[in-house]
Amino acid sequence: MAETITIIDDRTGKQVTVPITGGVFPSSALRQLDPKLRMYDPAFLSTASCKSSITYLDGDAGILRYRGYPIEQLAEKSTFLEVAYLLLNGELPTESQLEKWTFDVTHHTMIHENMRKRFVDGFHYDAHPMGMFTSAIAALGTFYTDAKQIDEDDSLAKQTLRLIAKTPTIAAMCYRFSMGLPFVSPNNALDYSANFLNMMFRIGDDHRVNPVLAKAMDLLFILHADHEQNCGTTAMRVVASSHADPYSAAAAASAALYGPLHGGANEAVVHMLTEIGSIDNVPAFIADVKAGKGRLMGFGHRVYKNYDPRAAIIKKAAYDVFEVTGKNPLLDIALKLEETALKDDYFVQRKLYPNVDFYSGLIYQALGFPVDMFTVLFAIPRTTGWLAHYAELLRDDATSVSHFAFVPDPLPVTFRLSVDAWLAVAEAGRRLAALNAVVNERFPNPQLLMRPTIRREAVSTSAIEGTFAAIDEVMQSELDASLPRTTAVQEVINFVRATEHAYKRRHTL
């Protein structure tokens, strides 16, 4: 028997019964009750914004799968490029497909010289690497005339390939610029992750990337490749819904990741462990957390109410890395902190377990990355996940430009004027006064308004007609007839300027 839910509107007595599929019912049920009805859901805690077959996670059971494959299996048996192919295409590559995919990625890692010499070199010497990275991703699309040809499969595949191939190069370039080091070109003889480490840390011709460290980097890339509809992925989908090119959409997602509440958690963990200073201080720190005097970073997750499967994999890999680099003194503090927290009912009852950020920062440090590169290291592999969502969104015919309804606070009764009441007050004279203000502000010589050019600017009669329409629209939106017309005037000014700009683009003088 199919699962259903019945929603009753107590205001009208109307009710609607809708099916539940996978724990979800369509929001169209609300519109059947009342077309103006909206659901207020901060942070999308109870809202599914799309259908996706890319990543599945069960937070209660601690399960994470890419395209149906358990993350544990992919971490053990696959490379990052195999996983990237899987996310983009829905299935792991065959031997021949992997060979071609690897070749294509490897031979698209170079970036235009102007990107480095004219763009990145223009940043201030102490610019944050993630800020540079985000800006560079946005700028990358300007180097390709076919960047916006997203309706053509071959063109979209090419943009996807370029982004996946070039993000490590851009990341390494941003890091070396911030350190005052010369740019290191990609080495086609190295695999994806080893090539990235080489571009990051190469000093002299005898530099060799340790294969254990390259494998750890590859593993971290796999674990961070995608994670359902988080802040960055949602930003990617919202921007992509307007059919912006993938470079612009990826830059928007990177900007979201730049926020400390999204991409800065592992950095916060390192700072926390450093402040604790010693395993002897762990009990006192735990007591402070329970008393509300501190925060336990790297524990708990908005989705996972069990041990984050990625954290378990990273914890195991940390020992392999430390055998090469020497043990990070913060590891003992982290292990003691985890042991203490998992035995404490305070944290167990709240289902606070280590997440992916708890140990990843320690490995990044061991590999030689400064703290301000941690978010960039997150963005490199996550770009692949973002691009998979970008392509999925374009294939979804139900997707249009994302819209979020504004839910206003209740207004005092005295301000609730109907549109008809307002139009009765807003007589034609006031509209003309607003138009005169626009004309006088924008055109010092109003009698020339209908000429084809004013100070070398093109103006059409539709701009004037549109101005009256805009005034009516602004008037309808006003709540009190006694309010000054400053806002309305400015809105109309903005409208005229926008119309001029659009007209000029079509009619070059």
# chains A, B, ... in the order shown; residues from 1 in each chain; ligands from 1
>>> select_by_dssp(residues="region 127-308 of chain A", states="helix (DSSP H, G or I)", output="ChimeraX atom specification")
/A:129-143,153-179,192-201,211-223,231-240,246-258,260-263,265-276,279-290
>>> residues_around(residues="Met179 (chain A)", least_positions_apart="4", cutoff="12 Å", atoms="only C-alpha atoms", output="ChimeraX atom specification")
/A:124-129,172-175,183,200-201,369-370,372-373
>>> write_last_selection(atoms="C-alpha atoms", output="PDB file, in the first residue's frame")
ATOM      1  CA  HIS A 124      48.024  41.957  -2.939  1.00  0.00           C
ATOM      2  CA  TYR A 125      50.950  39.990  -1.541  1.00  0.00           C
ATOM      3  CA  ASP A 126      48.980  38.848   1.521  1.00  0.00           C
ATOM      4  CA  ALA A 127      45.736  37.939  -0.273  1.00  0.00           C
ATOM      5  CA  HIS A 128      44.074  34.815   1.110  1.00  0.00           C
ATOM      6  CA  PRO A 129      44.624  31.786  -1.187  1.00  0.00           C
ATOM      7  CA  ALA A 172      49.058  25.662  -6.390  1.00  0.00           C
ATOM      8  CA  MET A 173      49.613  28.932  -8.246  1.00  0.00           C
ATOM      9  CA  CYS A 174      47.670  30.864  -5.581  1.00  0.00           C
ATOM     10  CA  TYR A 175      49.651  29.215  -2.795  1.00  0.00           C
ATOM     11  CA  PHE A 183      55.121  29.158 -10.466  1.00  0.00           C
ATOM     12  CA  MET A 200      52.808  23.023  -4.515  1.00  0.00           C
ATOM     13  CA  PHE A 201      56.158  22.126  -2.984  1.00  0.00           C
ATOM     14  CA  PHE A 369      49.969  22.771   3.899  1.00  0.00           C
ATOM     15  CA  PRO A 370      49.482  25.977   5.886  1.00  0.00           C
ATOM     16  CA  ASP A 372      44.924  29.069   5.093  1.00  0.00           C
ATOM     17  CA  MET A 373      45.123  26.456   2.298  1.00  0.00           C
TER      18      MET A 373
END
>>> closest_atom_pairs(of="region 51-148 of chain A", to="region 159-163 of chain A", cutoff="8 Å", atoms="only C-alpha atoms", output="tab-separated table")
residue	atom	partner	partner_atom	distance
A:Asp104	CA	A:Leu161	CA	7.6
A:Val105	CA	A:Leu161	CA	6.3
A:His108	CA	A:Arg162	CA	6.0
A:Thr109	CA	A:Arg162	CA	7.4
A:Ala147	CA	A:Gln159	CA	6.5
>>> write_last_selection(atoms="C-alpha atoms", output="PDB file, in the first residue's frame")
ATOM      1  CA  ASP A 104      42.429  14.172 -21.271  1.00  0.00           C
ATOM      2  CA  VAL A 105      42.652  15.536 -17.725  1.00  0.00           C
ATOM      3  CA  HIS A 108      44.407  20.109 -19.873  1.00  0.00           C
ATOM      4  CA  THR A 109      46.209  21.140 -16.695  1.00  0.00           C
ATOM      5  CA  ALA A 147      32.161  28.717 -21.985  1.00  0.00           C
TER       6      ALA A 147
END
>>> closest_residue(among="A:Phe119, A:Phe44, A:Tyr85, A:Tyr319", to="Gln97 (chain A)", atoms="only C-alpha atoms")
A:Tyr85
>>> closest_residue(among="A:Gly131, A:Pro283, A:Asp218, A:Ala255", to="Lys77 (chain A)", atoms="only C-alpha atoms")
A:Asp218
>>> residues_around(residues="Thr274 (chain A)", least_positions_apart="2", cutoff="12 Å", atoms="only C-alpha atoms", output="ChimeraX atom specification")
/A:267-272,276-279,281-282,328-334,361-362
>>> write_last_selection(atoms="N, CA and C atoms", output="PDB file, in the first residue's frame")
ATOM      1  N   GLU A 267      40.180  23.820   9.935  1.00  0.00           N
ATOM      2  CA  GLU A 267      41.082  24.864  10.433  1.00  0.00           C
ATOM      3  C   GLU A 267      40.786  25.154  11.903  1.00  0.00           C
ATOM      4  N   ALA A 268      39.485  25.193  12.240  1.00  0.00           N
ATOM      5  CA  ALA A 268      39.093  25.444  13.631  1.00  0.00           C
ATOM      6  C   ALA A 268      39.534  24.310  14.548  1.00  0.00           C
ATOM      7  N   VAL A 269      39.532  23.079  14.030  1.00  0.00           N
ATOM      8  CA  VAL A 269      39.979  21.926  14.826  1.00  0.00           C
ATOM      9  C   VAL A 269      41.454  22.068  15.185  1.00  0.00           C
ATOM     10  N   VAL A 270      42.272  22.438  14.211  1.00  0.00           N
ATOM     11  CA  VAL A 270      43.707  22.602  14.463  1.00  0.00           C
ATOM     12  C   VAL A 270      43.940  23.686  15.507  1.00  0.00           C
ATOM     13  N   HIS A 271      43.217  24.793  15.384  1.00  0.00           N
ATOM     14  CA  HIS A 271      43.353  25.863  16.382  1.00  0.00           C
ATOM     15  C   HIS A 271      42.944  25.365  17.769  1.00  0.00           C
ATOM     16  N   MET A 272      41.868  24.575  17.832  1.00  0.00           N
ATOM     17  CA  MET A 272      41.398  24.050  19.113  1.00  0.00           C
ATOM     18  C   MET A 272      42.431  23.126  19.742  1.00  0.00           C
ATOM     19  N   ILE A 276      44.504  23.576  23.299  1.00  0.00           N
ATOM     20  CA  ILE A 276      44.486  22.592  24.392  1.00  0.00           C
ATOM     21  C   ILE A 276      45.912  22.313  24.849  1.00  0.00           C
ATOM     22  N   GLY A 277      46.815  22.121  23.866  1.00  0.00           N
ATOM     23  CA  GLY A 277      48.243  22.081  24.163  1.00  0.00           C
ATOM     24  C   GLY A 277      48.808  20.775  24.649  1.00  0.00           C
ATOM     25  N   SER A 278      48.057  19.995  25.407  1.00  0.00           N
ATOM     26  CA  SER A 278      48.578  18.757  25.991  1.00  0.00           C
ATOM     27  C   SER A 278      47.417  17.831  26.322  1.00  0.00           C
ATOM     28  N   ILE A 279      47.692  16.511  26.306  1.00  0.00           N
ATOM     29  CA  ILE A 279      46.633  15.563  26.654  1.00  0.00           C
ATOM     30  C   ILE A 279      46.207  15.732  28.111  1.00  0.00           C
ATOM     31  N   ASN A 281      45.497  18.395  29.473  1.00  0.00           N
ATOM     32  CA  ASN A 281      44.501  19.468  29.546  1.00  0.00           C
ATOM     33  C   ASN A 281      43.145  19.064  28.966  1.00  0.00           C
ATOM     34  N   VAL A 282      43.065  17.851  28.409  1.00  0.00           N
ATOM     35  CA  VAL A 282      41.822  17.409  27.771  1.00  0.00           C
ATOM     36  C   VAL A 282      40.651  17.353  28.752  1.00  0.00           C
ATOM     37  N   ASN A 328      52.483  14.087  14.094  1.00  0.00           N
ATOM     38  CA  ASN A 328      52.045  15.418  14.488  1.00  0.00           C
ATOM     39  C   ASN A 328      51.741  15.394  15.984  1.00  0.00           C
ATOM     40  N   PRO A 329      52.373  16.249  16.769  1.00  0.00           N
ATOM     41  CA  PRO A 329      52.140  16.231  18.222  1.00  0.00           C
ATOM     42  C   PRO A 329      50.682  16.463  18.605  1.00  0.00           C
ATOM     43  N   LEU A 330      49.909  17.042  17.691  1.00  0.00           N
ATOM     44  CA  LEU A 330      48.493  17.272  17.984  1.00  0.00           C
ATOM     45  C   LEU A 330      47.667  15.993  17.888  1.00  0.00           C
ATOM     46  N   LEU A 331      48.229  14.943  17.242  1.00  0.00           N
ATOM     47  CA  LEU A 331      47.479  13.701  17.084  1.00  0.00           C
ATOM     48  C   LEU A 331      47.138  13.080  18.429  1.00  0.00           C
ATOM     49  N   ASP A 332      48.091  13.055  19.348  1.00  0.00           N
ATOM     50  CA  ASP A 332      47.830  12.466  20.664  1.00  0.00           C
ATOM     51  C   ASP A 332      46.696  13.201  21.379  1.00  0.00           C
ATOM     52  N   ILE A 333      46.671  14.520  21.222  1.00  0.00           N
ATOM     53  CA  ILE A 333      45.592  15.303  21.837  1.00  0.00           C
ATOM     54  C   ILE A 333      44.256  14.942  21.195  1.00  0.00           C
ATOM     55  N   ALA A 334      44.262  14.802  19.852  1.00  0.00           N
ATOM     56  CA  ALA A 334      43.030  14.457  19.137  1.00  0.00           C
ATOM     57  C   ALA A 334      42.513  13.085  19.559  1.00  0.00           C
ATOM     58  N   GLY A 361      42.574  18.031   9.047  1.00  0.00           N
ATOM     59  CA  GLY A 361      43.518  19.132   9.229  1.00  0.00           C
ATOM     60  C   GLY A 361      44.888  18.666   9.671  1.00  0.00           C
ATOM     61  N   LEU A 362      44.927  17.602  10.485  1.00  0.00           N
ATOM     62  CA  LEU A 362      46.213  17.066  10.945  1.00  0.00           C
ATOM     63  C   LEU A 362      47.005  16.482   9.783  1.00  0.00           C
TER      64      LEU A 362
END
>>> residues_around(residues="region 55-68 of chain A", least_positions_apart="5", cutoff="8 Å", atoms="only C-alpha atoms", output="list of chain:residue names")
A:Leu86, A:Leu87, A:Gly90, A:Glu91, A:Asp226, A:His227, A:Glu228, A:Val303, A:Tyr304, A:Lys305, A:Asn306, A:Tyr307, A:Asp308, A:Pro309
>>> decode(residues="region 84-130 of chain A", atoms="N, CA and C atoms", output="PDB file, in the first residue's frame")
ATOM      1  N   ALA A  84      35.932  10.720  -9.882  1.00  0.00           N
ATOM      2  CA  ALA A  84      35.430  11.879 -10.623  1.00  0.00           C
ATOM      3  C   ALA A  84      34.611  11.423 -11.828  1.00  0.00           C
ATOM      4  N   TYR A  85      35.127  10.434 -12.542  1.00  0.00           N
ATOM      5  CA  TYR A  85      34.400   9.878 -13.690  1.00  0.00           C
ATOM      6  C   TYR A  85      33.065   9.301 -13.232  1.00  0.00           C
ATOM      7  N   LEU A  86      33.087   8.591 -12.106  1.00  0.00           N
ATOM      8  CA  LEU A  86      31.867   7.996 -11.549  1.00  0.00           C
ATOM      9  C   LEU A  86      30.821   9.063 -11.242  1.00  0.00           C
ATOM     10  N   LEU A  87      31.220  10.127 -10.565  1.00  0.00           N
ATOM     11  CA  LEU A  87      30.274  11.180 -10.197  1.00  0.00           C
ATOM     12  C   LEU A  87      29.666  11.846 -11.426  1.00  0.00           C
ATOM     13  N   LEU A  88      30.475  12.032 -12.450  1.00  0.00           N
ATOM     14  CA  LEU A  88      30.014  12.729 -13.648  1.00  0.00           C
ATOM     15  C   LEU A  88      29.170  11.851 -14.559  1.00  0.00           C
ATOM     16  N   ASN A  89      29.500  10.556 -14.608  1.00  0.00           N
ATOM     17  CA  ASN A  89      28.881   9.672 -15.599  1.00  0.00           C
ATOM     18  C   ASN A  89      27.964   8.601 -15.018  1.00  0.00           C
ATOM     19  N   GLY A  90      27.973   8.433 -13.721  1.00  0.00           N
ATOM     20  CA  GLY A  90      27.057   7.486 -13.108  1.00  0.00           C
ATOM     21  C   GLY A  90      27.590   6.091 -12.926  1.00  0.00           C
ATOM     22  N   GLU A  91      28.750   5.795 -13.488  1.00  0.00           N
ATOM     23  CA  GLU A  91      29.343   4.470 -13.356  1.00  0.00           C
ATOM     24  C   GLU A  91      30.855   4.587 -13.418  1.00  0.00           C
ATOM     25  N   LEU A  92      31.539   3.644 -12.773  1.00  0.00           N
ATOM     26  CA  LEU A  92      33.000   3.638 -12.824  1.00  0.00           C
ATOM     27  C   LEU A  92      33.468   3.367 -14.247  1.00  0.00           C
ATOM     28  N   PRO A  93      34.607   3.918 -14.646  1.00  0.00           N
ATOM     29  CA  PRO A  93      35.078   3.747 -16.023  1.00  0.00           C
ATOM     30  C   PRO A  93      35.652   2.362 -16.269  1.00  0.00           C
ATOM     31  N   THR A  94      35.538   1.928 -17.515  1.00  0.00           N
ATOM     32  CA  THR A  94      36.259   0.728 -17.929  1.00  0.00           C
ATOM     33  C   THR A  94      37.738   1.080 -18.054  1.00  0.00           C
ATOM     34  N   GLU A  95      38.554   0.091 -18.333  1.00  0.00           N
ATOM     35  CA  GLU A  95      39.994   0.350 -18.447  1.00  0.00           C
ATOM     36  C   GLU A  95      40.291   1.347 -19.559  1.00  0.00           C
ATOM     37  N   SER A  96      39.634   1.164 -20.705  1.00  0.00           N
ATOM     38  CA  SER A  96      39.884   2.074 -21.829  1.00  0.00           C
ATOM     39  C   SER A  96      39.315   3.463 -21.551  1.00  0.00           C
ATOM     40  N   GLN A  97      38.156   3.529 -20.909  1.00  0.00           N
ATOM     41  CA  GLN A  97      37.572   4.827 -20.565  1.00  0.00           C
ATOM     42  C   GLN A  97      38.449   5.582 -19.571  1.00  0.00           C
ATOM     43  N   LEU A  98      38.991   4.855 -18.601  1.00  0.00           N
ATOM     44  CA  LEU A  98      39.858   5.496 -17.613  1.00  0.00           C
ATOM     45  C   LEU A  98      41.137   6.003 -18.258  1.00  0.00           C
ATOM     46  N   GLU A  99      41.673   5.229 -19.192  1.00  0.00           N
ATOM     47  CA  GLU A  99      42.903   5.643 -19.875  1.00  0.00           C
ATOM     48  C   GLU A  99      42.678   6.947 -20.640  1.00  0.00           C
ATOM     49  N   LYS A 100      41.562   7.022 -21.374  1.00  0.00           N
ATOM     50  CA  LYS A 100      41.267   8.238 -22.130  1.00  0.00           C
ATOM     51  C   LYS A 100      40.969   9.409 -21.193  1.00  0.00           C
ATOM     52  N   TRP A 101      40.192   9.172 -20.144  1.00  0.00           N
ATOM     53  CA  TRP A 101      39.841  10.212 -19.181  1.00  0.00           C
ATOM     54  C   TRP A 101      41.089  10.773 -18.505  1.00  0.00           C
ATOM     55  N   THR A 102      41.969   9.892 -18.087  1.00  0.00           N
ATOM     56  CA  THR A 102      43.208  10.319 -17.432  1.00  0.00           C
ATOM     57  C   THR A 102      44.071  11.132 -18.388  1.00  0.00           C
ATOM     58  N   PHE A 103      44.166  10.673 -19.634  1.00  0.00           N
ATOM     59  CA  PHE A 103      44.954  11.391 -20.642  1.00  0.00           C
ATOM     60  C   PHE A 103      44.384  12.792 -20.865  1.00  0.00           C
ATOM     61  N   ASP A 104      43.061  12.877 -21.008  1.00  0.00           N
ATOM     62  CA  ASP A 104      42.429  14.172 -21.271  1.00  0.00           C
ATOM     63  C   ASP A 104      42.637  15.146 -20.111  1.00  0.00           C
ATOM     64  N   VAL A 105      42.458  14.667 -18.886  1.00  0.00           N
ATOM     65  CA  VAL A 105      42.652  15.536 -17.725  1.00  0.00           C
ATOM     66  C   VAL A 105      44.106  15.988 -17.640  1.00  0.00           C
ATOM     67  N   THR A 106      45.015  15.040 -17.809  1.00  0.00           N
ATOM     68  CA  THR A 106      46.444  15.341 -17.694  1.00  0.00           C
ATOM     69  C   THR A 106      46.884  16.390 -18.704  1.00  0.00           C
ATOM     70  N   HIS A 107      46.295  16.370 -19.885  1.00  0.00           N
ATOM     71  CA  HIS A 107      46.720  17.285 -20.944  1.00  0.00           C
ATOM     72  C   HIS A 107      45.866  18.550 -21.027  1.00  0.00           C
ATOM     73  N   HIS A 108      45.138  18.840 -19.956  1.00  0.00           N
ATOM     74  CA  HIS A 108      44.407  20.109 -19.873  1.00  0.00           C
ATOM     75  C   HIS A 108      44.725  20.852 -18.575  1.00  0.00           C
ATOM     76  N   THR A 109      45.862  20.547 -17.993  1.00  0.00           N
ATOM     77  CA  THR A 109      46.209  21.140 -16.695  1.00  0.00           C
ATOM     78  C   THR A 109      46.866  22.513 -16.807  1.00  0.00           C
ATOM     79  N   MET A 110      47.370  22.859 -17.969  1.00  0.00           N
ATOM     80  CA  MET A 110      48.021  24.159 -18.134  1.00  0.00           C
ATOM     81  C   MET A 110      46.994  25.288 -18.099  1.00  0.00           C
ATOM     82  N   ILE A 111      47.434  26.462 -17.676  1.00  0.00           N
ATOM     83  CA  ILE A 111      46.573  27.639 -17.682  1.00  0.00           C
ATOM     84  C   ILE A 111      47.198  28.717 -18.561  1.00  0.00           C
ATOM     85  N   HIS A 112      46.367  29.606 -19.047  1.00  0.00           N
ATOM     86  CA  HIS A 112      46.830  30.694 -19.909  1.00  0.00           C
ATOM     87  C   HIS A 112      47.820  31.569 -19.141  1.00  0.00           C
ATOM     88  N   GLU A 113      48.863  31.997 -19.821  1.00  0.00           N
ATOM     89  CA  GLU A 113      49.884  32.826 -19.175  1.00  0.00           C
ATOM     90  C   GLU A 113      49.312  34.124 -18.624  1.00  0.00           C
ATOM     91  N   ASN A 114      48.291  34.655 -19.304  1.00  0.00           N
ATOM     92  CA  ASN A 114      47.693  35.901 -18.811  1.00  0.00           C
ATOM     93  C   ASN A 114      46.972  35.705 -17.477  1.00  0.00           C
ATOM     94  N   MET A 115      46.502  34.485 -17.229  1.00  0.00           N
ATOM     95  CA  MET A 115      45.873  34.205 -15.937  1.00  0.00           C
ATOM     96  C   MET A 115      46.878  34.414 -14.809  1.00  0.00           C
ATOM     97  N   ARG A 116      48.091  33.981 -15.039  1.00  0.00           N
ATOM     98  CA  ARG A 116      49.118  34.090 -14.006  1.00  0.00           C
ATOM     99  C   ARG A 116      49.743  35.483 -13.978  1.00  0.00           C
ATOM    100  N   LYS A 117      50.159  35.973 -15.140  1.00  0.00           N
ATOM    101  CA  LYS A 117      50.945  37.202 -15.183  1.00  0.00           C
ATOM    102  C   LYS A 117      50.103  38.464 -15.014  1.00  0.00           C
ATOM    103  N   ARG A 118      48.879  38.430 -15.507  1.00  0.00           N
ATOM    104  CA  ARG A 118      48.073  39.654 -15.463  1.00  0.00           C
ATOM    105  C   ARG A 118      46.960  39.602 -14.421  1.00  0.00           C
ATOM    106  N   PHE A 119      46.520  38.400 -14.087  1.00  0.00           N
ATOM    107  CA  PHE A 119      45.414  38.305 -13.136  1.00  0.00           C
ATOM    108  C   PHE A 119      45.912  38.023 -11.726  1.00  0.00           C
ATOM    109  N   VAL A 120      46.503  36.865 -11.521  1.00  0.00           N
ATOM    110  CA  VAL A 120      46.923  36.476 -10.172  1.00  0.00           C
ATOM    111  C   VAL A 120      48.006  37.406  -9.642  1.00  0.00           C
ATOM    112  N   ASP A 121      48.926  37.805 -10.498  1.00  0.00           N
ATOM    113  CA  ASP A 121      49.993  38.700 -10.038  1.00  0.00           C
ATOM    114  C   ASP A 121      49.469  40.068  -9.612  1.00  0.00           C
ATOM    115  N   GLY A 122      48.216  40.357  -9.917  1.00  0.00           N
ATOM    116  CA  GLY A 122      47.633  41.627  -9.511  1.00  0.00           C
ATOM    117  C   GLY A 122      47.103  41.636  -8.092  1.00  0.00           C
ATOM    118  N   PHE A 123      47.056  40.468  -7.451  1.00  0.00           N
ATOM    119  CA  PHE A 123      46.575  40.421  -6.071  1.00  0.00           C
ATOM    120  C   PHE A 123      47.614  41.000  -5.116  1.00  0.00           C
ATOM    121  N   HIS A 124      47.130  41.479  -3.984  1.00  0.00           N
ATOM    122  CA  HIS A 124      48.024  41.957  -2.939  1.00  0.00           C
ATOM    123  C   HIS A 124      48.841  40.784  -2.415  1.00  0.00           C
ATOM    124  N   TYR A 125      50.037  41.061  -1.931  1.00  0.00           N
ATOM    125  CA  TYR A 125      50.950  39.990  -1.541  1.00  0.00           C
ATOM    126  C   TYR A 125      50.398  39.107  -0.431  1.00  0.00           C
ATOM    127  N   ASP A 126      49.506  39.640   0.414  1.00  0.00           N
ATOM    128  CA  ASP A 126      48.980  38.848   1.521  1.00  0.00           C
ATOM    129  C   ASP A 126      47.528  38.422   1.302  1.00  0.00           C
ATOM    130  N   ALA A 127      47.098  38.382   0.036  1.00  0.00           N
ATOM    131  CA  ALA A 127      45.736  37.939  -0.273  1.00  0.00           C
ATOM    132  C   ALA A 127      45.545  36.489   0.161  1.00  0.00           C
ATOM    133  N   HIS A 128      44.363  36.172   0.657  1.00  0.00           N
ATOM    134  CA  HIS A 128      44.074  34.815   1.110  1.00  0.00           C
ATOM    135  C   HIS A 128      43.997  33.880  -0.099  1.00  0.00           C
ATOM    136  N   PRO A 129      44.637  32.708  -0.044  1.00  0.00           N
ATOM    137  CA  PRO A 129      44.624  31.786  -1.187  1.00  0.00           C
ATOM    138  C   PRO A 129      43.220  31.423  -1.658  1.00  0.00           C
ATOM    139  N   MET A 130      42.265  31.278  -0.725  1.00  0.00           N
ATOM    140  CA  MET A 130      40.909  30.912  -1.136  1.00  0.00           C
ATOM    141  C   MET A 130      40.225  32.057  -1.855  1.00  0.00           C
TER     142      MET A 130
END
